Structure formats: C-alpha cells, structure tokens
file data27.pdb (PDB, C-alpha atoms)
ATOM      1  CA  MET A   1      -7.800 -29.943  -4.657  1.00  0.00           C
ATOM      2  CA  PHE A   2      -6.296 -28.025  -7.575  1.00  0.00           C
ATOM      3  CA  THR A   3      -4.032 -25.002  -8.051  1.00  0.00           C
ATOM      4  CA  GLY A   4      -5.558 -23.288 -11.078  1.00  0.00           C
ATOM      5  CA  ILE A   5      -2.373 -23.800 -13.099  1.00  0.00           C
ATOM      6  CA  ILE A   6      -3.608 -25.372 -16.333  1.00  0.00           C
ATOM      7  CA  GLU A   7      -1.644 -28.476 -17.265  1.00  0.00           C
ATOM      8  CA  THR A   8      -2.770 -28.823 -20.869  1.00  0.00           C
ATOM      9  CA  LEU A   9      -5.582 -28.147 -23.311  1.00  0.00           C
ATOM     10  CA  GLY A  10      -7.892 -30.930 -24.422  1.00  0.00           C
ATOM     11  CA  THR A  11     -10.306 -31.122 -27.334  1.00  0.00           C
ATOM     12  CA  VAL A  12     -13.894 -32.325 -26.963  1.00  0.00           C
ATOM     13  CA  THR A  13     -14.245 -35.301 -29.341  1.00  0.00           C
ATOM     14  CA  ASP A  14     -17.646 -36.721 -28.367  1.00  0.00           C
ATOM     15  CA  LEU A  15     -20.752 -35.761 -26.389  1.00  0.00           C
ATOM     16  CA  LYS A  16     -23.452 -38.250 -25.367  1.00  0.00           C
ATOM     17  CA  HIS A  17     -26.618 -37.317 -23.495  1.00  0.00           C
ATOM     18  CA  ASP A  18     -27.961 -39.959 -21.116  1.00  0.00           C
ATOM     19  CA  GLN A  19     -31.107 -38.894 -19.268  1.00  0.00           C
ATOM     20  CA  GLY A  20     -30.005 -35.789 -17.291  1.00  0.00           C
ATOM     21  CA  ASN A  21     -26.293 -36.563 -17.682  1.00  0.00           C
ATOM     22  CA  LEU A  22     -23.750 -35.605 -20.321  1.00  0.00           C
ATOM     23  CA  HIS A  23     -20.815 -37.934 -21.086  1.00  0.00           C
ATOM     24  CA  ILE A  24     -17.915 -35.888 -22.437  1.00  0.00           C
ATOM     25  CA  THR A  25     -14.946 -37.434 -24.220  1.00  0.00           C
ATOM     26  CA  VAL A  26     -11.791 -35.323 -24.390  1.00  0.00           C
ATOM     27  CA  ALA A  27      -8.554 -36.029 -26.252  1.00  0.00           C
ATOM     28  CA  SER A  28      -5.427 -34.604 -24.619  1.00  0.00           C
ATOM     29  CA  ALA A  29      -1.730 -35.102 -24.034  1.00  0.00           C
ATOM     30  CA  ILE A  30      -2.448 -36.376 -20.503  1.00  0.00           C
ATOM     31  CA  SER A  31      -5.388 -38.695 -21.267  1.00  0.00           C
ATOM     32  CA  ASN A  32      -3.135 -41.781 -21.598  1.00  0.00           C
ATOM     33  CA  GLU A  33      -1.717 -41.072 -18.116  1.00  0.00           C
ATOM     34  CA  LEU A  34      -5.102 -40.903 -16.397  1.00  0.00           C
ATOM     35  CA  LYS A  35      -6.821 -43.648 -14.429  1.00  0.00           C
ATOM     36  CA  ILE A  36     -10.469 -44.493 -13.996  1.00  0.00           C
ATOM     37  CA  ASP A  37     -11.844 -42.747 -10.850  1.00  0.00           C
ATOM     38  CA  GLN A  38      -9.237 -39.968 -11.082  1.00  0.00           C
ATOM     39  CA  SER A  39     -10.367 -36.373 -10.544  1.00  0.00           C
ATOM     40  CA  VAL A  40      -9.543 -33.932 -13.327  1.00  0.00           C
ATOM     41  CA  ALA A  41     -10.618 -30.291 -13.567  1.00  0.00           C
ATOM     42  CA  HIS A  42     -12.277 -29.466 -16.909  1.00  0.00           C
ATOM     43  CA  ASN A  43     -12.620 -25.655 -17.242  1.00  0.00           C
ATOM     44  CA  GLY A  44     -12.348 -25.632 -13.455  1.00  0.00           C
ATOM     45  CA  VAL A  45     -15.033 -28.275 -12.877  1.00  0.00           C
ATOM     46  CA  CYS A  46     -13.852 -31.318 -10.932  1.00  0.00           C
ATOM     47  CA  LEU A  47     -15.062 -34.383 -12.863  1.00  0.00           C
ATOM     48  CA  THR A  48     -14.289 -38.084 -12.446  1.00  0.00           C
ATOM     49  CA  VAL A  49     -12.719 -40.106 -15.256  1.00  0.00           C
ATOM     50  CA  VAL A  50     -15.155 -42.922 -16.081  1.00  0.00           C
ATOM     51  CA  ALA A  51     -13.563 -44.379 -19.243  1.00  0.00           C
ATOM     52  CA  LEU A  52     -10.279 -44.331 -21.189  1.00  0.00           C
ATOM     53  CA  ALA A  53      -9.606 -45.068 -24.860  1.00  0.00           C
ATOM     54  CA  ASP A  54      -7.021 -44.172 -27.513  1.00  0.00           C
ATOM     55  CA  GLY A  55      -5.630 -40.872 -26.277  1.00  0.00           C
ATOM     56  CA  GLY A  56      -8.920 -39.762 -24.787  1.00  0.00           C
ATOM     57  CA  HIS A  57     -10.840 -39.932 -21.546  1.00  0.00           C
ATOM     58  CA  THR A  58     -14.525 -39.676 -20.689  1.00  0.00           C
ATOM     59  CA  VAL A  59     -16.122 -37.860 -17.772  1.00  0.00           C
ATOM     60  CA  THR A  60     -19.764 -37.472 -16.797  1.00  0.00           C
ATOM     61  CA  ALA A  61     -21.464 -34.209 -15.851  1.00  0.00           C
ATOM     62  CA  ILE A  62     -24.748 -34.556 -13.969  1.00  0.00           C
ATOM     63  CA  GLU A  63     -27.676 -32.163 -14.275  1.00  0.00           C
ATOM     64  CA  GLU A  64     -26.526 -30.082 -11.271  1.00  0.00           C
ATOM     65  CA  THR A  65     -23.166 -29.490 -12.974  1.00  0.00           C
ATOM     66  CA  LEU A  66     -24.778 -28.704 -16.315  1.00  0.00           C
ATOM     67  CA  ASN A  67     -27.074 -26.129 -14.676  1.00  0.00           C
ATOM     68  CA  LYS A  68     -24.318 -24.286 -12.800  1.00  0.00           C
ATOM     69  CA  THR A  69     -21.388 -24.332 -15.250  1.00  0.00           C
ATOM     70  CA  ASN A  70     -20.592 -23.821 -18.930  1.00  0.00           C
ATOM     71  CA  ILE A  71     -20.058 -27.574 -19.440  1.00  0.00           C
ATOM     72  CA  GLY A  72     -23.513 -27.905 -21.020  1.00  0.00           C
ATOM     73  CA  THR A  73     -22.466 -25.527 -23.812  1.00  0.00           C
ATOM     74  CA  PHE A  74     -19.581 -27.750 -24.976  1.00  0.00           C
ATOM     75  CA  LYS A  75     -19.486 -28.657 -28.653  1.00  0.00           C
ATOM     76  CA  VAL A  76     -17.270 -31.192 -30.423  1.00  0.00           C
ATOM     77  CA  GLY A  77     -14.002 -29.418 -31.229  1.00  0.00           C
ATOM     78  CA  ASP A  78     -14.093 -27.032 -28.237  1.00  0.00           C
ATOM     79  CA  LEU A  79     -10.876 -26.523 -26.286  1.00  0.00           C
ATOM     80  CA  VAL A  80     -11.008 -27.417 -22.584  1.00  0.00           C
ATOM     81  CA  ASN A  81      -8.576 -26.369 -19.831  1.00  0.00           C
ATOM     82  CA  LEU A  82      -7.348 -29.484 -17.981  1.00  0.00           C
ATOM     83  CA  GLU A  83      -5.626 -29.872 -14.627  1.00  0.00           C
ATOM     84  CA  ARG A  84      -5.029 -33.033 -12.639  1.00  0.00           C
ATOM     85  CA  CYS A  85      -5.478 -32.811  -8.884  1.00  0.00           C
ATOM     86  CA  MET A  86      -2.632 -31.443  -6.822  1.00  0.00           C
ATOM     87  CA  GLN A  87      -0.003 -33.724  -5.316  1.00  0.00           C
ATOM     88  CA  MET A  88       0.588 -32.997  -1.635  1.00  0.00           C
ATOM     89  CA  ASN A  89       4.357 -32.751  -2.128  1.00  0.00           C
ATOM     90  CA  ALA A  90       4.061 -30.187  -4.946  1.00  0.00           C
ATOM     91  CA  ARG A  91       4.327 -26.411  -4.922  1.00  0.00           C
ATOM     92  CA  LEU A  92       1.063 -24.475  -4.821  1.00  0.00           C
ATOM     93  CA  ASP A  93       1.835 -22.201  -7.787  1.00  0.00           C
ATOM     94  CA  GLY A  94      -1.679 -20.762  -8.189  1.00  0.00           C
ATOM     95  CA  HIS A  95      -4.111 -20.631  -5.288  1.00  0.00           C
ATOM     96  CA  ILE A  96      -6.311 -23.165  -3.490  1.00  0.00           C
ATOM     97  CA  VAL A  97      -8.949 -24.298  -5.991  1.00  0.00           C
ATOM     98  CA  GLN A  98     -11.566 -26.907  -5.123  1.00  0.00           C
ATOM     99  CA  GLY A  99     -12.937 -27.551  -8.596  1.00  0.00           C
ATOM    100  CA  HIS A 100     -16.409 -26.553  -7.384  1.00  0.00           C
ATOM    101  CA  VAL A 101     -17.751 -23.821  -9.644  1.00  0.00           C
ATOM    102  CA  ASP A 102     -19.719 -21.152  -7.773  1.00  0.00           C
ATOM    103  CA  GLN A 103     -21.418 -19.617 -10.782  1.00  0.00           C
ATOM    104  CA  THR A 104     -20.891 -18.529 -14.356  1.00  0.00           C
ATOM    105  CA  ALA A 105     -20.071 -15.073 -15.697  1.00  0.00           C
ATOM    106  CA  VAL A 106     -20.291 -13.377 -19.073  1.00  0.00           C
ATOM    107  CA  CYS A 107     -17.400 -11.599 -20.764  1.00  0.00           C
ATOM    108  CA  THR A 108     -18.478  -7.959 -21.193  1.00  0.00           C
ATOM    109  CA  ALA A 109     -15.201  -6.457 -22.417  1.00  0.00           C
ATOM    110  CA  TYR A 110     -12.081  -7.751 -24.100  1.00  0.00           C
ATOM    111  CA  LYS A 111      -9.106  -5.782 -25.315  1.00  0.00           C
ATOM    112  CA  GLU A 112      -5.675  -6.499 -26.627  1.00  0.00           C
ATOM    113  CA  LEU A 113      -3.017  -4.441 -24.931  1.00  0.00           C
ATOM    114  CA  ASP A 114       0.622  -4.050 -25.905  1.00  0.00           C
ATOM    115  CA  GLY A 115       1.729  -7.661 -25.325  1.00  0.00           C
ATOM    116  CA  SER A 116      -1.116  -8.740 -23.041  1.00  0.00           C
ATOM    117  CA  TRP A 117      -4.913  -8.932 -22.889  1.00  0.00           C
ATOM    118  CA  GLU A 118      -7.549  -7.657 -20.467  1.00  0.00           C
ATOM    119  CA  TYR A 119     -10.927  -9.298 -19.916  1.00  0.00           C
ATOM    120  CA  THR A 120     -13.873  -8.003 -17.910  1.00  0.00           C
ATOM    121  CA  PHE A 121     -16.505 -10.419 -16.622  1.00  0.00           C
ATOM    122  CA  GLU A 122     -19.920  -9.680 -15.127  1.00  0.00           C
ATOM    123  CA  TYR A 123     -21.599 -12.034 -12.649  1.00  0.00           C
ATOM    124  CA  ASP A 124     -24.760 -12.173 -10.547  1.00  0.00           C
ATOM    125  CA  ALA A 125     -23.776 -10.494  -7.256  1.00  0.00           C
ATOM    126  CA  ALA A 126     -27.066 -11.604  -5.668  1.00  0.00           C
ATOM    127  CA  LYS A 127     -25.436 -15.000  -5.113  1.00  0.00           C
ATOM    128  CA  GLY A 128     -23.195 -13.399  -2.471  1.00  0.00           C
ATOM    129  CA  ASN A 129     -19.836 -13.832  -4.177  1.00  0.00           C
ATOM    130  CA  VAL A 130     -17.279 -11.025  -4.213  1.00  0.00           C
ATOM    131  CA  THR A 131     -13.913 -10.194  -5.712  1.00  0.00           C
ATOM    132  CA  VAL A 132     -11.220  -7.850  -4.445  1.00  0.00           C
ATOM    133  CA  GLU A 133      -8.426  -6.139  -6.336  1.00  0.00           C
ATOM    134  CA  LYS A 134      -5.214  -8.187  -6.216  1.00  0.00           C
ATOM    135  CA  GLY A 135      -7.255 -11.147  -4.950  1.00  0.00           C
ATOM    136  CA  SER A 136      -7.507 -14.535  -6.628  1.00  0.00           C
ATOM    137  CA  ILE A 137     -10.249 -15.735  -8.946  1.00  0.00           C
ATOM    138  CA  CYS A 138     -10.535 -18.948 -10.934  1.00  0.00           C
ATOM    139  CA  VAL A 139     -11.888 -18.456 -14.495  1.00  0.00           C
ATOM    140  CA  ASN A 140     -12.486 -21.684 -16.452  1.00  0.00           C
ATOM    141  CA  GLY A 141     -10.107 -23.333 -13.994  1.00  0.00           C
ATOM    142  CA  ILE A 142      -7.320 -20.755 -14.450  1.00  0.00           C
ATOM    143  CA  SER A 143      -5.879 -19.118 -11.335  1.00  0.00           C
ATOM    144  CA  LEU A 144      -5.860 -15.372 -12.071  1.00  0.00           C
ATOM    145  CA  THR A 145      -5.357 -12.123 -10.179  1.00  0.00           C
ATOM    146  CA  VAL A 146      -8.145  -9.542 -10.144  1.00  0.00           C
ATOM    147  CA  VAL A 147      -6.928  -6.167 -11.458  1.00  0.00           C
ATOM    148  CA  ASN A 148     -10.227  -4.242 -11.175  1.00  0.00           C
ATOM    149  CA  SER A 149     -13.180  -5.134  -8.991  1.00  0.00           C
ATOM    150  CA  GLY A 150     -16.737  -3.847  -8.755  1.00  0.00           C
ATOM    151  CA  PRO A 151     -19.944  -5.016  -7.087  1.00  0.00           C
ATOM    152  CA  ASN A 152     -20.824  -7.425  -9.927  1.00  0.00           C
ATOM    153  CA  TYR A 153     -17.796  -7.419 -12.213  1.00  0.00           C
ATOM    154  CA  PHE A 154     -14.038  -7.807 -12.276  1.00  0.00           C
ATOM    155  CA  SER A 155     -11.183  -7.606 -14.752  1.00  0.00           C
ATOM    156  CA  VAL A 156      -8.109  -9.770 -15.194  1.00  0.00           C
ATOM    157  CA  ALA A 157      -4.913  -9.202 -17.183  1.00  0.00           C
ATOM    158  CA  ILE A 158      -3.571 -12.109 -19.209  1.00  0.00           C
ATOM    159  CA  ILE A 159       0.085 -12.718 -20.030  1.00  0.00           C
ATOM    160  CA  PRO A 160       1.067 -14.312 -23.382  1.00  0.00           C
ATOM    161  CA  TYR A 161       1.887 -17.700 -21.807  1.00  0.00           C
ATOM    162  CA  THR A 162      -1.600 -17.997 -20.287  1.00  0.00           C
ATOM    163  CA  TRP A 163      -3.194 -16.845 -23.563  1.00  0.00           C
ATOM    164  CA  GLU A 164      -1.322 -19.502 -25.558  1.00  0.00           C
ATOM    165  CA  HIS A 165      -1.855 -22.393 -23.134  1.00  0.00           C
ATOM    166  CA  THR A 166      -5.521 -21.970 -22.119  1.00  0.00           C
ATOM    167  CA  ASN A 167      -8.874 -21.581 -23.810  1.00  0.00           C
ATOM    168  CA  LEU A 168      -9.020 -17.855 -22.974  1.00  0.00           C
ATOM    169  CA  GLN A 169      -7.861 -17.411 -26.560  1.00  0.00           C
ATOM    170  CA  GLN A 170     -11.440 -18.349 -27.562  1.00  0.00           C
ATOM    171  CA  VAL A 171     -13.254 -16.147 -25.030  1.00  0.00           C
ATOM    172  CA  ARG A 172     -14.843 -13.017 -26.480  1.00  0.00           C
ATOM    173  CA  ILE A 173     -17.625 -10.598 -25.507  1.00  0.00           C
ATOM    174  CA  GLY A 174     -20.708 -12.690 -24.735  1.00  0.00           C
ATOM    175  CA  SER A 175     -18.786 -15.871 -23.864  1.00  0.00           C
ATOM    176  CA  THR A 176     -19.832 -17.669 -20.677  1.00  0.00           C
ATOM    177  CA  VAL A 177     -17.090 -18.802 -18.277  1.00  0.00           C
ATOM    178  CA  ASN A 178     -17.003 -20.755 -15.020  1.00  0.00           C
ATOM    179  CA  LEU A 179     -16.066 -18.909 -11.822  1.00  0.00           C
ATOM    180  CA  GLU A 180     -14.738 -20.267  -8.568  1.00  0.00           C
ATOM    181  CA  PHE A 181     -14.257 -17.480  -6.057  1.00  0.00           C
ATOM    182  CA  ASP A 182     -11.396 -17.546  -3.558  1.00  0.00           C
ATOM    183  CA  ILE A 183     -12.173 -20.028  -0.765  1.00  0.00           C
ATOM    184  CA  ILE A 184     -10.833 -17.755   1.969  1.00  0.00           C
ATOM    185  CA  GLY A 185     -12.903 -14.847   0.655  1.00  0.00           C
ATOM    186  CA  LYS A 186     -16.019 -17.043   0.636  1.00  0.00           C
ATOM    187  CA  TYR A 187     -15.568 -17.979   4.287  1.00  0.00           C
ATOM    188  CA  VAL A 188     -14.905 -14.376   5.321  1.00  0.00           C
ATOM    189  CA  ALA A 189     -18.006 -13.210   3.408  1.00  0.00           C
ATOM    190  CA  ARG A 190     -20.110 -15.864   5.124  1.00  0.00           C
ATOM    191  CA  LEU A 191     -18.808 -14.896   8.570  1.00  0.00           C
ATOM    192  CA  MET A 192     -19.577 -11.230   7.865  1.00  0.00           C
ATOM    193  CA  GLN A 193     -23.227 -12.152   7.194  1.00  0.00           C
ATOM    194  CA  ARG A 194     -23.653 -13.450  10.742  1.00  0.00           C
TER
END

call {"tool": "encode", "arguments": {"input": "data27.pdb", "output": "structure tokens"}}
result
Amino acid sequence: MFTGIIETLGTVTDLKHDQGNLHITVASAISNELKIDQSVAHNGVCLTVVALADGGHTVTAIEETLNKTNIGTFKVGDLVNLERCMQMNARLDGHIVQGHVDQTAVCTAYKELDGSWEYTFEYDAAKGNVTVEKGSICVNGISLTVVNSGPNYFSVAIIPYTWEHTNLQQVRIGSTVNLEFDIIGKYVARLMQR
C-alpha cells in the first residue's frame, strides 16, 4: 500500500527487453536503501526490486503491466516518480493507493497559472472509472485532488513543491500518464452497478 506522496525522483538508466518483459534500471537517492523483493511504486505502478547495483535498482514489468500503463514508453534518461510502500506506523499524508494502475490518460490541456499549474486529463470512461470534484486521484503515482470533473476528464491544480519534486514538470499536451482511481470510489461505483 502507498500514499501517493512521492519520495524522490529516479532516472531510467537502462532498459532490457526479455521476451514479453521489460527490465528497468533506475538510479535514485533511495536505491541504495532498497532490498531485493521490496515493493516500490514507479509512476504509481507497484513493481518488485529484482536487482541492486551502484546507486540503482532494477524492476521487471510484465506484458500485462506494459499494456495497461505508461511504463512501456520509458526511455533512458526519463524521470520516474518513486515511492516506497507505506509503513503501518506512519501518517497517511495522501490517500490510500494500491499501486495498481486502472488505466492511462492523455493530457489535453496544460496551463501555467500565477504560481501554480493546472492540467486536464482525458480517459476512457467506458472502463467504468469516475472522478468527483474534491475527490482523490493518483496521476503517475502522485496523490492529487480533482478540481474539475467531467464524464471522461478531470483537472488537477499543482503547487510548486509538487511541480519541482515529481515528473509532472515533463508532462505536456499529448503526454500519457498512469491513473489509479480512488479505491473507495471504485467500490461505490461497482455497488451502484448491481
């Protein structure tokens, strides 16, 4: 379980394809503190550390993950949002995040405001996911609050701290991001379908 509060940025240093899998090596400030078998969210995708070496760690994304997230678009040099799993005695500063991406979305609008930024993302509503104004959404692993919500889109406002410490600084119109919708909202939506 995660909180959506990004711990640090990592940089993709190596990508190796192996049949339907992709081995991703990331260098980061926390890589030396990780252990093999540890769960770490990469852009909101829970992946298992499979190798460690010289300030970097390697994780493996299987075909299912590559098909449903933006992990398959990684290039060497890309910035990745990283968060280690939550400790049970820690504060839940964001919201409950499982690290299980529901779908991707495309940035359709981006604007700089006076000291902040606003992004609008469009997603496939046919998959049954919804957002609500003032509700929580996880974008590339970042716990954010929805400021505008429509049937297949939503907007979020970004404070300077989040801009500086996440890879949202690289997201522009046309960029693909990972979405994890609020777990409580998903259960309510499913119950309403009955």

call {"tool": "atom_distance", "arguments": {"input": "data27.pdb", "atom1": "atom CA of A:Asp37", "atom2": "atom CA of A:Lys186"}}
result
28.5 Å

call {"tool": "closest_residue", "arguments": {"input": "data27.pdb", "among": "A:Ala90, A:Ala27, A:Leu179, A:Leu79", "to": "A:Ala51", "atoms": "all atoms listed in the file"}}
result
A:Ala27

call {"tool": "residues_around", "arguments": {"input": "data27.pdb", "residues": "A:Ala189", "least_positions_apart": "5", "cutoff": "9 Å", "atoms": "all atoms listed in the file", "output": "list in words"}}
result
Gly128, Asn129, Val130 and Ile184 of chain A

call {"tool": "residues_around", "arguments": {"input": "data27.pdb", "residues": "A:Thr48", "least_positions_apart": "4", "cutoff": "8 Å", "atoms": "only C-alpha atoms", "output": "list in words"}}
result
Ile36, Asp37, Gln38, Ser39, Val40, Val59 and Thr60 of chain A

call {"tool": "resolve_selection", "arguments": {"input": "data27.pdb", "expression": "the PyMOL selection byres ((chain A and resi 99) around 9)", "output": "ChimeraX atom specification"}}
result
/A:1-2,4,40-47,97-98,100-101,141,180

call {"tool": "atom_distance", "arguments": {"input": "data27.pdb", "atom1": "atom CA of A:Ser149", "atom2": "atom CA of A:Thr108"}}
result
13.6 Å

call {"tool": "resolve_selection", "arguments": {"input": "data27.pdb", "expression": "the PyMOL selection byres ((chain A and resi 58) around 8)", "output": "PyMOL selection string"}}
result
chain A and resi 23-26+49-52+56-57+59-60

call {"tool": "atom_distance", "arguments": {"input": "data27.pdb", "atom1": "atom CA of A:Ser31", "atom2": "atom CA of A:Thr176"}}
result
25.5 Å

call {"tool": "closest_residue", "arguments": {"input": "data27.pdb", "among": "A:Glu83, A:Asp182, A:Asp93, A:Glu64", "to": "A:Cys138", "atoms": "all atoms listed in the file"}}
result
A:Asp182

call {"tool": "resolve_selection", "arguments": {"input": "data27.pdb", "expression": "the PyMOL selection byres ((chain A and resi 68) around 8)", "output": "PyMOL selection string"}}
result
chain A and resi 64-67+69-70+101-104

call {"tool": "closest_residue", "arguments": {"input": "data27.pdb", "among": "A:Ala126, A:Val188, A:Ala109, A:Leu144", "to": "A:Trp163", "atoms": "all atoms listed in the file"}}
result
A:Leu144

call {"tool": "closest_residue", "arguments": {"input": "data27.pdb", "among": "A:Phe121, A:Gly115, A:Val80, A:Lys16", "to": "A:His165", "atoms": "only C-alpha atoms"}}
result
A:Val80

call {"tool": "residues_around", "arguments": {"input": "data27.pdb", "residues": "A:Ile159", "least_positions_apart": "5", "cutoff": "9 Å", "atoms": "only C-alpha atoms", "output": "PDB file with C-alpha atoms, keeping the file's coordinate frame"}}
result
ATOM      1  CA  GLY A 115       1.729  -7.661 -25.325  1.00  0.00           C
ATOM      2  CA  SER A 116      -1.116  -8.740 -23.041  1.00  0.00           C
ATOM      3  CA  TRP A 117      -4.913  -8.932 -22.889  1.00  0.00           C
ATOM      4  CA  GLU A 164      -1.322 -19.502 -25.558  1.00  0.00           C
TER       5      GLU A 164
END

call {"tool": "closest_residue", "arguments": {"input": "data27.pdb", "among": "A:Ile6, A:Ile137, A:Val12, A:Val156", "to": "A:Phe74", "atoms": "all atoms listed in the file"}}
result
A:Val12

call {"tool": "residues_around", "arguments": {"input": "data27.pdb", "residues": "A:Thr131", "least_positions_apart": "2", "cutoff": "9 Å", "atoms": "all atoms listed in the file", "output": "list of chain:residue names"}}
result
A:Asn129, A:Glu133, A:Lys134, A:Gly135, A:Ser136, A:Ile137, A:Val146, A:Asn148, A:Ser149, A:Gly150, A:Pro151, A:Asn152, A:Tyr153, A:Phe154, A:Phe181, A:Asp182, A:Gly185

call {"tool": "axis_aligned_box", "arguments": {"input": "data27.pdb", "around": "stretch 73-80 of chain A", "padding_each_side": "4 Å", "output": "AutoDock Vina command-line options"}}
result
--center_x -16.7 --center_y -28.4 --center_z -26.9 --size_x 19.6 --size_y 13.7 --size_z 16.6

call {"tool": "residues_near_point", "arguments": {"input": "data27.pdb", "point": "(-20.9, -12.8, -26.2)", "cutoff": "10 Å", "atoms": "only C-alpha atoms", "output": "number ranges by chain"}}
result
A: 106-109, 171-176

call {"tool": "residues_around", "arguments": {"input": "data27.pdb", "residues": "A:Glu118", "least_positions_apart": "6", "cutoff": "6 Å", "atoms": "only C-alpha atoms", "output": "ChimeraX atom specification"}}
result
/A:110-111,156-157

call {"tool": "closest_residue", "arguments": {"input": "data27.pdb", "among": "A:Thr120, A:Gln169, A:Met192, A:Val147", "to": "A:Val132", "atoms": "all atoms listed in the file"}}
result
A:Val147
